[in-house]
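Data block for data_38.cif (mmCIF, C-alpha atoms (C1' of nucleotides)):
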```cif
data_coords
#
loop_
_atom_site.label_atom_id
_atom_site.label_comp_id
_atom_site.auth_asym_id
_atom_site.auth_seq_id
_atom_site.Cartn_x
_atom_site.Cartn_y
_atom_site.Cartn_z
CA MET J 214 -20.37 -12.18 11.03
CA LYS J 215 -21.02 -14.50 13.93
CA ALA J 216 -18.43 -16.49 15.85
CA PRO J 217 -19.48 -19.92 14.51
CA VAL J 218 -19.12 -18.65 10.97
CA LEU J 219 -15.65 -17.35 11.70
CA SER J 220 -14.73 -20.69 13.17
CA ALA J 221 -15.96 -22.54 10.09
CA LEU J 222 -14.18 -20.24 7.65
CA LEU J 223 -10.93 -20.62 9.54
CA LYS J 224 -11.17 -24.38 9.78
CA GLU J 225 -11.89 -24.63 6.09
CA LYS J 226 -8.37 -23.41 5.35
CA GLY J 227 -6.58 -25.04 8.24
CA TYR J 228 -6.40 -21.87 10.31
CA LYS J 229 -7.01 -21.86 14.04
CA LEU J 230 -9.52 -19.98 16.09
CA THR J 231 -7.54 -17.86 18.52
CA ALA J 232 -8.52 -15.41 21.20
CA GLN J 233 -6.59 -12.72 19.34
CA ARG J 234 -8.56 -13.20 16.14
CA GLN J 235 -11.82 -12.98 17.99
CA ALA J 236 -10.60 -9.92 19.87
CA ILE J 237 -9.66 -8.15 16.63
CA LEU J 238 -13.13 -8.70 15.21
CA THR J 239 -14.76 -7.60 18.44
CA ALA J 240 -12.66 -4.44 18.45
CA LEU J 241 -13.61 -3.70 14.87
CA ARG J 242 -17.28 -4.06 15.78
CA HIS J 243 -16.93 -1.73 18.73
CA LEU J 244 -15.01 0.86 16.78
CA GLY J 245 -17.78 1.18 14.22
CA GLU J 246 -17.43 1.35 10.46
CA ARG J 247 -13.72 1.12 9.74
CA ALA J 248 -10.37 1.54 11.42
CA SER J 249 -6.65 1.34 10.80
CA ALA J 250 -4.46 -1.44 12.17
CA LYS J 251 -2.96 0.98 14.64
CA VAL J 252 -6.34 2.11 15.97
CA ILE J 253 -7.43 -1.49 16.37
CA TYR J 254 -4.17 -2.26 18.16
CA GLU J 255 -4.67 0.65 20.55
CA GLU J 256 -8.20 -0.49 21.25
CA LEU J 257 -6.91 -3.96 22.05
CA CYS J 258 -4.25 -2.61 24.38
CA LYS J 259 -7.06 -1.72 26.77
CA GLN J 260 -8.21 -5.32 26.89
CA LYS J 261 -7.03 -8.78 27.64
CA PRO J 262 -5.56 -10.79 26.09
CA ALA J 263 -2.80 -8.50 24.94
CA VAL J 264 -2.27 -8.51 21.18
CA SER J 265 0.92 -7.43 19.48
CA LEU J 266 0.84 -5.00 16.59
CA ASP J 267 2.29 -7.61 14.29
CA THR J 268 -0.53 -9.97 15.17
CA VAL J 269 -3.07 -7.29 14.34
CA TYR J 270 -1.53 -6.75 10.91
CA ARG J 271 -1.10 -10.44 10.23
CA ASN J 272 -4.66 -11.28 11.17
CA LEU J 273 -6.25 -8.39 9.36
CA ARG J 274 -4.54 -9.74 6.27
CA LEU J 275 -5.78 -13.23 7.02
CA LEU J 276 -9.32 -12.07 7.81
CA ALA J 277 -9.30 -10.17 4.52
CA GLU J 278 -8.17 -13.33 2.74
CA ILE J 279 -11.12 -15.32 4.04
CA GLY J 280 -13.49 -12.44 3.31
CA ILE J 281 -14.48 -11.41 6.81
CA VAL J 282 -12.94 -7.97 6.56
CA GLN J 283 -12.03 -5.72 3.66
CA GLN J 284 -9.03 -3.49 3.29
CA ILE J 285 -9.47 -0.01 1.87
CA LEU J 286 -6.40 1.81 0.60
CA LEU J 287 -6.20 5.45 1.60
CA GLN J 288 -3.41 7.92 1.03
CA SER J 289 -2.68 7.94 4.75
CA GLY J 290 -2.59 4.15 5.01
CA ALA J 291 -4.95 1.22 4.95
CA VAL J 292 -8.17 0.88 6.92
CA PHE J 293 -10.30 -2.19 7.50
CA GLU J 294 -14.00 -2.80 7.79
CA LEU J 295 -16.22 -5.76 8.48
CA THR J 296 -17.83 -7.44 5.50
CA ASP J 297 -21.07 -8.00 7.32
CA ASP J 298 -22.99 -10.00 4.79
CA GLY J 299 -20.01 -11.99 3.60
CA ARG J 300 -20.13 -10.35 0.17
CA HIS J 301 -17.35 -8.00 -0.75
CA HIS J 302 -18.17 -4.54 -2.05
CA HIS J 303 -16.35 -1.43 -3.21
CA HIS J 304 -15.95 2.18 -2.20
CA LEU J 305 -15.86 5.79 -3.23
CA VAL J 306 -12.87 7.45 -1.59
CA CYS J 307 -12.43 11.22 -1.37
CA VAL J 308 -8.86 12.13 -2.30
CA ASP J 309 -9.00 15.24 -0.12
CA CYS J 310 -10.63 14.26 3.17
CA GLU J 311 -10.52 10.47 2.77
CA LYS J 312 -14.21 10.05 3.37
CA VAL J 313 -15.31 6.55 2.35
CA VAL J 314 -18.73 5.60 0.95
CA CYS J 315 -19.71 2.06 0.05
CA ILE J 316 -21.14 1.37 -3.40
CA SER J 317 -22.94 -1.69 -4.69
CA TYR J 318 -21.37 -1.69 -8.15
CA CYS J 319 -18.87 -4.48 -8.69
CA PRO J 320 -16.88 -5.09 -11.88
CA GLU J 321 -17.88 -8.73 -12.17
CA SER J 322 -17.15 -9.16 -15.80
CA CYS J 323 -16.83 -12.19 -18.00
CA VAL J 324 -14.64 -9.97 -20.15
CA TYR J 325 -11.74 -9.86 -17.75
CA THR J 326 -12.32 -13.45 -16.72
CA GLU J 327 -11.90 -14.43 -20.36
CA GLN J 328 -8.80 -12.28 -20.69
CA ALA J 329 -7.39 -13.92 -17.59
CA ARG J 330 -8.13 -17.38 -19.00
CA LEU J 331 -6.29 -16.55 -22.20
CA ALA J 332 -3.30 -15.47 -20.13
CA GLY J 333 -3.46 -18.73 -18.18
CA PHE J 334 -4.56 -17.10 -14.94
CA ALA J 335 -7.02 -18.59 -12.48
CA VAL J 336 -8.84 -15.59 -11.06
CA LEU J 337 -9.07 -15.41 -7.28
CA GLY J 338 -10.42 -11.91 -6.80
CA HIS J 339 -10.07 -8.28 -7.64
CA LEU J 340 -9.38 -4.91 -6.13
CA PHE J 341 -11.57 -1.99 -7.15
CA GLU J 342 -11.84 1.46 -5.61
CA VAL J 343 -13.18 4.68 -7.06
CA TYR J 344 -11.33 7.89 -6.27
CA GLY J 345 -12.91 11.32 -6.43
CA ARG J 346 -13.88 14.35 -4.42
CA CYS J 347 -16.82 14.34 -2.05
CA ALA J 348 -19.52 17.02 -2.05
CA ASP J 349 -17.94 18.97 0.81
CA CYS J 350 -14.46 19.02 -0.71
CA GLN J 351 -15.73 20.12 -4.10
CA GLN J 352 -16.88 23.40 -2.56
CA LYS J 353 -13.50 24.30 -1.13
CA MET K 192 5.74 9.23 -23.83
CA LYS K 193 8.07 11.87 -25.28
CA ALA K 194 9.79 14.67 -23.40
CA PRO K 195 7.67 17.49 -24.89
CA VAL K 196 4.53 15.71 -23.75
CA LEU K 197 5.90 15.39 -20.23
CA SER K 198 6.70 19.07 -20.23
CA ALA K 199 3.18 19.98 -21.32
CA LEU K 200 1.50 17.70 -18.80
CA LEU K 201 3.57 19.15 -15.99
CA LYS K 202 2.97 22.75 -16.99
CA GLU K 203 -0.75 22.12 -17.21
CA LYS K 204 -0.84 21.58 -13.47
CA GLY K 205 1.77 24.09 -12.44
CA TYR K 206 4.50 21.52 -11.96
CA LYS K 207 8.05 22.08 -13.09
CA LEU K 208 10.21 20.13 -15.47
CA THR K 209 13.24 19.00 -13.50
CA ALA K 210 16.28 16.96 -14.37
CA GLN K 211 15.26 14.48 -11.68
CA ARG K 212 11.85 13.88 -13.21
CA GLN K 213 13.34 13.30 -16.62
CA ALA K 214 15.97 11.02 -15.12
CA ILE K 215 13.32 8.91 -13.38
CA LEU K 216 11.46 8.39 -16.64
CA THR K 217 14.66 7.62 -18.47
CA ALA K 218 15.60 5.05 -15.83
CA LEU K 219 12.19 3.44 -16.08
CA ARG K 220 12.60 3.14 -19.84
CA HIS K 221 16.01 1.58 -19.49
CA LEU K 222 14.89 -0.85 -16.83
CA GLY K 223 12.18 -2.27 -19.08
CA GLU K 224 8.62 -3.07 -18.16
CA ARG K 225 8.26 -2.19 -14.49
CA ALA K 226 10.34 -1.51 -11.41
CA SER K 227 10.07 -0.61 -7.76
CA ALA K 228 11.01 2.78 -6.37
CA LYS K 229 14.10 1.29 -4.82
CA VAL K 230 15.29 -0.29 -8.07
CA ILE K 231 14.77 2.99 -9.89
CA TYR K 232 16.67 4.79 -7.14
CA GLU K 233 19.57 2.37 -7.42
CA GLU K 234 19.63 2.81 -11.18
CA LEU K 235 19.78 6.57 -10.72
CA CYS K 236 22.62 6.32 -8.22
CA LYS K 237 24.83 5.30 -11.12
CA GLN K 238 24.04 8.52 -12.95
CA LYS K 239 24.12 12.25 -12.57
CA PRO K 240 22.32 14.18 -11.29
CA ALA K 241 22.01 12.39 -7.99
CA VAL K 242 18.43 11.78 -6.94
CA SER K 243 17.33 11.13 -3.38
CA LEU K 244 15.06 8.22 -2.56
CA ASP K 245 12.41 10.62 -1.33
CA THR K 246 12.45 12.39 -4.66
CA VAL K 247 11.98 9.11 -6.47
CA TYR K 248 8.93 8.26 -4.38
CA ARG K 249 7.50 11.76 -4.57
CA ASN K 250 7.86 11.96 -8.31
CA LEU K 251 6.57 8.48 -9.03
CA ARG K 252 3.45 9.55 -7.17
CA LEU K 253 3.29 12.75 -9.18
CA LEU K 254 3.94 11.01 -12.49
CA ALA K 255 1.17 8.57 -11.63
CA GLU K 256 -1.14 11.49 -10.89
CA ILE K 257 -0.61 12.99 -14.32
CA GLY K 258 -0.94 9.59 -15.95
CA ILE K 259 2.59 9.06 -17.25
CA VAL K 260 3.26 6.07 -15.03
CA GLN K 261 1.03 3.56 -13.27
CA GLN K 262 1.47 2.03 -9.88
CA ILE K 263 0.81 -1.68 -9.42
CA LEU K 264 0.29 -2.98 -5.91
CA LEU K 265 2.08 -6.23 -5.16
CA GLN K 266 2.39 -8.07 -1.88
CA SER K 267 6.07 -7.21 -1.75
CA GLY K 268 5.51 -3.53 -2.44
CA ALA K 269 4.54 -1.25 -5.28
CA VAL K 270 6.04 -1.27 -8.75
CA PHE K 271 5.71 1.30 -11.49
CA GLU K 272 5.47 1.12 -15.23
CA LEU K 273 5.27 3.60 -18.06
CA THR K 274 1.83 4.24 -19.52
CA ASP K 275 3.11 4.39 -23.03
CA ASP K 276 0.02 5.40 -24.92
CA GLY K 277 -1.27 7.74 -22.25
CA ARG K 278 -4.24 5.49 -21.52
CA HIS K 279 -4.33 3.68 -18.23
CA HIS K 280 -4.91 -0.04 -18.16
CA HIS K 281 -5.15 -2.83 -15.63
CA HIS K 282 -3.33 -6.02 -14.69
CA LEU K 283 -3.52 -9.63 -13.74
CA VAL K 284 -1.26 -10.24 -10.76
CA CYS K 285 -0.17 -13.69 -9.64
CA VAL K 286 -0.48 -13.97 -5.86
CA ASP K 287 2.28 -16.56 -5.72
CA CYS K 288 5.09 -15.34 -7.98
CA GLU K 289 3.87 -11.77 -8.53
CA LYS K 290 3.98 -12.07 -12.29
CA VAL K 291 2.11 -9.17 -13.89
CA VAL K 292 0.20 -9.27 -17.18
CA CYS K 293 -1.56 -6.28 -18.68
CA ILE K 294 -5.21 -6.61 -19.70
CA SER K 295 -7.32 -4.36 -21.84
CA TYR K 296 -10.52 -4.69 -19.83
CA CYS K 297 -11.39 -1.57 -17.86
CA PRO K 298 -14.43 -1.15 -15.59
CA GLU K 299 -15.62 2.05 -17.21
CA SER K 300 -19.15 1.90 -16.06
CA CYS K 301 -21.93 4.44 -16.00
CA VAL K 302 -23.28 2.39 -13.12
CA TYR K 303 -20.63 3.40 -10.65
CA THR K 304 -20.50 6.89 -12.06
CA GLU K 305 -24.19 7.22 -11.30
CA GLN K 306 -23.72 5.78 -7.83
CA ALA K 307 -20.93 8.28 -7.24
CA ARG K 308 -23.14 11.14 -8.41
CA LEU K 309 -25.87 10.12 -6.00
CA ALA K 310 -23.32 10.17 -3.19
CA GLY K 311 -22.16 13.63 -4.28
CA PHE K 312 -18.78 12.46 -5.50
CA ALA K 313 -16.97 13.82 -8.54
CA VAL K 314 -15.12 10.82 -9.95
CA LEU K 315 -11.44 11.33 -10.69
CA GLY K 316 -10.33 7.79 -11.40
CA HIS K 317 -10.31 4.23 -10.22
CA LEU K 318 -8.03 1.46 -9.12
CA PHE K 319 -8.59 -2.01 -10.51
CA GLU K 320 -6.38 -5.07 -10.35
CA VAL K 321 -7.21 -8.72 -10.79
CA TYR K 322 -5.54 -11.25 -8.50
CA GLY K 323 -5.10 -14.89 -9.34
CA ARG K 324 -2.59 -17.61 -10.02
CA CYS K 325 -0.59 -17.80 -13.20
CA ALA K 326 -0.29 -20.96 -15.28
CA ASP K 327 3.09 -21.91 -13.81
CA CYS K 328 2.00 -21.50 -10.20
CA GLN K 329 -1.20 -23.50 -10.73
CA GLN K 330 0.93 -26.57 -11.43
CA LYS K 331 2.86 -26.41 -8.18
"C1'" DT M 226 -7.33 -36.94 28.96
"C1'" DC M 227 -2.71 -36.60 26.95
"C1'" DA M 228 0.89 -36.11 23.57
"C1'" DG M 229 2.26 -34.56 19.10
"C1'" DT M 230 2.44 -31.16 15.48
"C1'" DA M 231 1.53 -27.43 12.71
"C1'" DA M 232 0.02 -22.92 13.29
"C1'" DA M 233 0.09 -18.64 15.89
"C1'" DT M 234 2.04 -15.38 18.92
"C1'" DA M 235 5.18 -11.71 20.95
"C1'" DA M 236 9.00 -8.99 20.61
"C1'" DG M 237 12.05 -6.82 18.19
"C1'" DA M 238 14.60 -6.14 13.70
"C1'" DA M 239 14.21 -4.89 9.02
"C1'" DT M 240 12.12 -2.72 5.22
"C1'" DA M 241 8.96 0.36 2.70
"C1'" DT M 242 6.96 4.68 2.46
"C1'" DT M 243 5.95 9.29 3.89
"C1'" DA M 244 6.75 13.72 6.34
"C1'" DC M 245 9.65 17.69 7.74
"C1'" DT M 246 12.86 21.47 7.02
"C1'" DA M 247 16.45 24.22 5.22
"C1'" DT M 248 18.30 25.08 0.78
"C1'" DT M 249 18.18 25.15 -4.23
"C1'" DT M 250 16.04 25.83 -8.69
"C1'" DA M 251 12.62 26.32 -12.71
"C1'" DG M 252 9.82 29.35 -14.78
"C1'" DA M 253 7.61 33.97 -14.96
"C1'" DA M 254 7.96 38.73 -15.49
"C1'" DA M 255 10.40 43.05 -15.36
"C1'" DT X 7 19.65 39.20 -18.29
"C1'" DT X 8 18.12 39.78 -13.49
"C1'" DT X 9 14.99 39.22 -9.94
"C1'" DC X 10 11.27 37.01 -7.67
"C1'" DT X 11 8.49 33.27 -5.93
"C1'" DA X 12 6.42 29.00 -5.65
"C1'" DA X 13 7.82 24.48 -6.32
"C1'" DA X 14 11.30 20.96 -5.86
"C1'" DT X 15 15.19 18.81 -3.78
"C1'" DA X 16 18.37 16.45 -0.38
"C1'" DG X 17 18.94 14.70 3.84
"C1'" DT X 18 17.07 13.14 7.71
"C1'" DA X 19 13.39 11.80 10.89
"C1'" DA X 20 9.12 9.55 11.46
"C1'" DT X 21 5.73 6.25 10.45
"C1'" DA X 22 3.64 2.12 8.40
"C1'" DT X 23 4.15 -2.49 7.35
"C1'" DT X 24 6.46 -6.84 7.03
"C1'" DC X 25 9.86 -10.30 8.44
"C1'" DT X 26 12.55 -13.35 11.78
"C1'" DT X 27 12.91 -16.35 15.60
"C1'" DA X 28 12.09 -18.48 19.87
"C1'" DT X 29 8.13 -19.72 22.49
"C1'" DT X 30 3.30 -20.81 23.13
"C1'" DT X 31 -1.12 -22.73 21.82
"C1'" DA X 32 -5.14 -24.83 19.20
"C1'" DC X 33 -6.48 -28.80 17.24
"C1'" DT X 34 -5.92 -33.87 16.09
"C1'" DG X 35 -5.85 -38.54 17.15
"C1'" DA X 36 -4.56 -42.17 20.32
#
```
Target encoding structure tokens, full file:
Amino acid sequence: MKAPVLSALLKEKGYKLTAQRQAILTALRHLGERASAKVIYEELCKQKPAVSLDTVYRNLRLLAEIGIVQQILLQSGAVFELTDDGRHHHHLVCVDCEKVVCISYCPESCVYTEQARLAGFAVLGHLFEVYGRCADCQQK
Amino acid sequence: MKAPVLSALLKEKGYKLTAQRQAILTALRHLGERASAKVIYEELCKQKPAVSLDTVYRNLRLLAEIGIVQQILLQSGAVFELTDDGRHHHHLVCVDCEKVVCISYCPESCVYTEQARLAGFAVLGHLFEVYGRCADCQQK
DNA sequence: TCAGTAAATAAGAATATTACTATTTAGAAA
DNA sequence: TTTCTAAATAGTAATATTCTTATTTACTGA
């Protein structure tokens, strides 16, 4: 996700482009695949401008809302990853070691859309994660 | 879900039938559809035996694991509901007012099962919730 | 460029959730 | 019934996450 795209997505919803938001994305890139809010905060503490922990949480939520990052719910807390191509995707999560593997399957179904319509809901999105045990943990 | 069934499900996994676990389920029945851990705790404070907040959280997690209750993730925190027929189901959640509506659609797909197999994962379950805006909130 | 305004931030308080530890208890077996 | 042991509990501490408020800042339009 390039800076101009971020800028456009923010503007679209009346959000502002701040140094902190850019710094959070840069940190996430440097940290690799995925990281918790706390880890991102600690990474940012090494840099300028300083970013408060609250700002990290708030912006990760906002960046998730506009689709730039995705939140993955683990037993030990949430982690975030970049949504590089702008399309959301889902994950296999190991309940023992918390390993995360991306999958391409997505429950895009006209069935639940229809059920939502009947209930009067306008669908905005969905949350889908698969829980299981990875190959390593199955052998223990 | 009747008491004998609870007993059997617990025993199956080496868990014990305690007064606290029964009390939590009873409270959830009395409270109606769904409630947060805190609300359940407060309900139980009126009764004997006393149940600590930690025990409420711990057991709601355990009861969810054995399929007797389901956790629903809201912005304001998690709520729990009884899984009356023993079959899990999913929900529409309004992002504005947090209204929850059950739906019958479930992403039981051999597609993601196959993707999990290729990644070496043994699937244990999945999390699926649909987010949107309810009829009332669309008019605001 | 400058002023105005809504949005964003930092810092700390509040809340939600989980972990730790000593004690108690349910269920199994003698 | 009594004893034994792993599991469960209560109470508290720790952590994760969100909220509140005063201040600062990004963007808009003159």
With chain J held fixed, move chain K onto it by a least-squares fit of all C-alpha atoms in order and give the output as a CSV table (one decimal) with C-alpha atoms, keeping the file's coordinate frame.
```
chain,number,residue,atom,x,y,z
K,192,MET,CA,-20.5,-12.2,10.9
K,193,LYS,CA,-21.1,-14.5,13.9
K,194,ALA,CA,-18.5,-16.4,15.8
K,195,PRO,CA,-19.5,-19.8,14.5
K,196,VAL,CA,-19.1,-18.6,11.0
K,197,LEU,CA,-15.6,-17.3,11.7
K,198,SER,CA,-14.7,-20.7,13.2
K,199,ALA,CA,-16.0,-22.5,10.1
K,200,LEU,CA,-14.2,-20.2,7.7
K,201,LEU,CA,-10.9,-20.6,9.6
K,202,LYS,CA,-11.2,-24.4,9.8
K,203,GLU,CA,-11.9,-24.6,6.1
K,204,LYS,CA,-8.4,-23.4,5.4
K,205,GLY,CA,-6.6,-25.0,8.2
K,206,TYR,CA,-6.4,-21.9,10.3
K,207,LYS,CA,-7.0,-21.8,14.0
K,208,LEU,CA,-9.5,-20.0,16.1
K,209,THR,CA,-7.5,-17.8,18.5
K,210,ALA,CA,-8.5,-15.4,21.2
K,211,GLN,CA,-6.6,-12.7,19.4
K,212,ARG,CA,-8.5,-13.2,16.2
K,213,GLN,CA,-11.8,-13.0,18.0
K,214,ALA,CA,-10.6,-9.9,19.9
K,215,ILE,CA,-9.7,-8.2,16.6
K,216,LEU,CA,-13.1,-8.7,15.2
K,217,THR,CA,-14.7,-7.6,18.4
K,218,ALA,CA,-12.6,-4.4,18.5
K,219,LEU,CA,-13.6,-3.7,14.9
K,220,ARG,CA,-17.3,-4.1,15.8
K,221,HIS,CA,-16.9,-1.7,18.7
K,222,LEU,CA,-15.0,0.8,16.8
K,223,GLY,CA,-17.8,1.2,14.2
K,224,GLU,CA,-17.4,1.3,10.5
K,225,ARG,CA,-13.7,1.1,9.7
K,226,ALA,CA,-10.4,1.5,11.4
K,227,SER,CA,-6.7,1.3,10.8
K,228,ALA,CA,-4.5,-1.4,12.2
K,229,LYS,CA,-3.0,1.0,14.7
K,230,VAL,CA,-6.3,2.1,16.0
K,231,ILE,CA,-7.4,-1.5,16.4
K,232,TYR,CA,-4.2,-2.3,18.2
K,233,GLU,CA,-4.7,0.6,20.6
K,234,GLU,CA,-8.2,-0.5,21.3
K,235,LEU,CA,-6.9,-4.0,22.1
K,236,CYS,CA,-4.3,-2.6,24.4
K,237,LYS,CA,-7.1,-1.7,26.8
K,238,GLN,CA,-8.2,-5.3,26.9
K,239,LYS,CA,-7.0,-8.8,27.6
K,240,PRO,CA,-5.5,-10.8,26.1
K,241,ALA,CA,-2.8,-8.5,24.9
K,242,VAL,CA,-2.2,-8.5,21.2
K,243,SER,CA,0.9,-7.4,19.5
K,244,LEU,CA,0.9,-5.0,16.6
K,245,ASP,CA,2.3,-7.6,14.3
K,246,THR,CA,-0.5,-10.0,15.2
K,247,VAL,CA,-3.0,-7.3,14.4
K,248,TYR,CA,-1.5,-6.8,10.9
K,249,ARG,CA,-1.1,-10.4,10.2
K,250,ASN,CA,-4.6,-11.3,11.2
K,251,LEU,CA,-6.2,-8.4,9.4
K,252,ARG,CA,-4.5,-9.7,6.3
K,253,LEU,CA,-5.8,-13.2,7.0
K,254,LEU,CA,-9.3,-12.1,7.8
K,255,ALA,CA,-9.3,-10.2,4.5
K,256,GLU,CA,-8.2,-13.3,2.7
K,257,ILE,CA,-11.1,-15.3,4.1
K,258,GLY,CA,-13.5,-12.5,3.3
K,259,ILE,CA,-14.5,-11.4,6.8
K,260,VAL,CA,-12.9,-8.0,6.6
K,261,GLN,CA,-12.0,-5.7,3.7
K,262,GLN,CA,-9.0,-3.5,3.3
K,263,ILE,CA,-9.5,0.0,1.9
K,264,LEU,CA,-6.4,1.8,0.6
K,265,LEU,CA,-6.2,5.4,1.6
K,266,GLN,CA,-3.4,7.9,1.0
K,267,SER,CA,-2.7,7.9,4.8
K,268,GLY,CA,-2.6,4.1,5.0
K,269,ALA,CA,-5.0,1.2,5.0
K,270,VAL,CA,-8.2,0.9,6.9
K,271,PHE,CA,-10.3,-2.2,7.5
K,272,GLU,CA,-14.0,-2.8,7.8
K,273,LEU,CA,-16.2,-5.8,8.5
K,274,THR,CA,-17.8,-7.4,5.5
K,275,ASP,CA,-21.1,-8.0,7.3
K,276,ASP,CA,-23.0,-10.0,4.8
K,277,GLY,CA,-20.0,-12.0,3.6
K,278,ARG,CA,-20.1,-10.3,0.2
K,279,HIS,CA,-17.3,-8.0,-0.8
K,280,HIS,CA,-18.2,-4.6,-2.1
K,281,HIS,CA,-16.3,-1.5,-3.2
K,282,HIS,CA,-16.0,2.2,-2.2
K,283,LEU,CA,-15.9,5.8,-3.2
K,284,VAL,CA,-12.9,7.4,-1.6
K,285,CYS,CA,-12.4,11.2,-1.4
K,286,VAL,CA,-8.9,12.1,-2.3
K,287,ASP,CA,-9.0,15.2,-0.1
K,288,CYS,CA,-10.6,14.3,3.2
K,289,GLU,CA,-10.5,10.5,2.7
K,290,LYS,CA,-14.2,10.0,3.4
K,291,VAL,CA,-15.3,6.6,2.3
K,292,VAL,CA,-18.7,5.6,1.0
K,293,CYS,CA,-19.7,2.0,0.0
K,294,ILE,CA,-21.1,1.4,-3.4
K,295,SER,CA,-22.9,-1.7,-4.7
K,296,TYR,CA,-21.4,-1.7,-8.2
K,297,CYS,CA,-18.9,-4.5,-8.7
K,298,PRO,CA,-16.9,-5.1,-11.9
K,299,GLU,CA,-17.9,-8.7,-12.2
K,300,SER,CA,-17.2,-9.1,-15.8
K,301,CYS,CA,-16.8,-12.2,-18.0
K,302,VAL,CA,-14.6,-10.0,-20.2
K,303,TYR,CA,-11.7,-9.9,-17.8
K,304,THR,CA,-12.3,-13.4,-16.7
K,305,GLU,CA,-11.9,-14.4,-20.4
K,306,GLN,CA,-8.8,-12.3,-20.7
K,307,ALA,CA,-7.4,-13.9,-17.6
K,308,ARG,CA,-8.1,-17.4,-19.0
K,309,LEU,CA,-6.3,-16.5,-22.2
K,310,ALA,CA,-3.3,-15.5,-20.2
K,311,GLY,CA,-3.5,-18.7,-18.2
K,312,PHE,CA,-4.6,-17.1,-15.0
K,313,ALA,CA,-7.0,-18.6,-12.5
K,314,VAL,CA,-8.9,-15.6,-11.1
K,315,LEU,CA,-9.1,-15.4,-7.3
K,316,GLY,CA,-10.4,-11.9,-6.8
K,317,HIS,CA,-10.1,-8.3,-7.7
K,318,LEU,CA,-9.4,-4.9,-6.1
K,319,PHE,CA,-11.6,-2.0,-7.1
K,320,GLU,CA,-11.9,1.4,-5.6
K,321,VAL,CA,-13.2,4.7,-7.1
K,322,TYR,CA,-11.3,7.9,-6.3
K,323,GLY,CA,-12.9,11.3,-6.4
K,324,ARG,CA,-13.9,14.3,-4.4
K,325,CYS,CA,-16.8,14.3,-2.1
K,326,ALA,CA,-19.5,17.0,-2.1
K,327,ASP,CA,-18.0,19.0,0.8
K,328,CYS,CA,-14.5,19.0,-0.7
K,329,GLN,CA,-15.8,20.1,-4.1
K,330,GLN,CA,-16.9,23.4,-2.5
K,331,LYS,CA,-13.5,24.3,-1.1
```
Item to check | Selection under test: the PyMOL selection byres ((chain M) within 12 of (chain J)); residues as a list in words | outcome: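 Evaluating the PyMOL selection byres ((chain M) within 12 of (chain J)) on these coordinates yields DA231, DA232, DA233, DT234, DA235, DA236, DG237, DT242, DT243 and DA244 of chain M.
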Next on the checklist: Taking only C-alpha atoms into account, find every residue of chain K that has an atom no more than 12 Å from chain J, and write it out as a ChimeraX atom specification.
Outcome noted: /K:252,256,263-266,280-287,289-330
Item to check | Distance query DT248 in chain M at most 12 Å, all atoms listed in the file, self and fewer than 2 positions along chain excluded, as a list in words | outcome: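 Contacts, in chain order: DT246 and DT250 of chain M; DA14, DT15, DA16 and DG17 of chain X.
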Item to check | Atom pair C1' of DT11 in chain X / CA of Leu197 in chain K: separation (Å) | outcome: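 Taking C1' of DT11 in chain X as the start and CA of Leu197 in chain K as the end point, the length is 23.0 Å.
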Checklist entry - When the PyMOL selection byres ((chain X) within 9 of (chain J)) is applied to the file above, which residues end up in the set, as an MDAnalysis selection string? => result chainID X and resid 22:24 31:33
Checklist entry - Do you know which residues are at most 12 Å from DC227 in chain M counting all atoms listed in the file, after dropping those on the same chain fewer than 6 positions away, and could you put them as a list in words? => result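 Counting all atoms listed in the file, the residues come to DT34, DG35 and DA36 of chain X.
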Item to check | Test item: the PyMOL selection byres ((chain J and resi 282) around 6) resolved as an NGL selection string | outcome: :J and (276-277 or 280-281 or 283 or 294-296)
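Across the structure, CA of His279 in chain K and CA of Gln284 in chain J are spaced 23.2 Å apart.
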Item to check | Proximity to Lys261 in chain J - best of J:Leu275, J:Leu244, J:Ala232, J:Leu238, all atoms listed in the file | outcome: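 When distances to Lys261 in chain J are compared using all atoms listed in the file, the smallest one comes from J:Ala232.
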Item to check | Gap from CA of Glu256 in chain J to CA of Gln235 in chain J - Å, one decimal | outcome: 13.4 Å
Checklist entry - Between M:DA255, M:DT249, M:DA239, M:DG229, which has the minimum distance to DT8 in chain X (counting only C-alpha atoms (C1' of nucleotides))? => result M:DA255
How about completing range 272-276 of chain J with N, CA, C and O atoms and giving it to me as a short mmCIF file (atom, residue, chain, number, x, y, z; two decimals), in the frame of the given file?
```
data_model
loop_
_atom_site.label_atom_id
_atom_site.label_comp_id
_atom_site.auth_asym_id
_atom_site.auth_seq_id
_atom_site.Cartn_x
_atom_site.Cartn_y
_atom_site.Cartn_z
N ASN J 272 -3.31 -10.74 11.18
CA ASN J 272 -4.66 -11.28 11.17
C ASN J 272 -5.63 -10.46 10.35
O ASN J 272 -6.58 -11.01 9.79
N LEU J 273 -5.39 -9.17 10.25
CA LEU J 273 -6.25 -8.39 9.36
C LEU J 273 -6.06 -8.88 7.93
O LEU J 273 -7.02 -9.00 7.17
N ARG J 274 -4.81 -9.19 7.60
CA ARG J 274 -4.54 -9.74 6.27
C ARG J 274 -5.25 -11.08 6.09
O ARG J 274 -5.88 -11.34 5.07
N LEU J 275 -5.14 -11.91 7.10
CA LEU J 275 -5.78 -13.23 7.02
C LEU J 275 -7.31 -13.11 6.98
O LEU J 275 -7.97 -13.79 6.18
N LEU J 276 -7.86 -12.25 7.80
CA LEU J 276 -9.32 -12.07 7.81
C LEU J 276 -9.80 -11.50 6.48
O LEU J 276 -10.91 -11.80 6.03
#
```
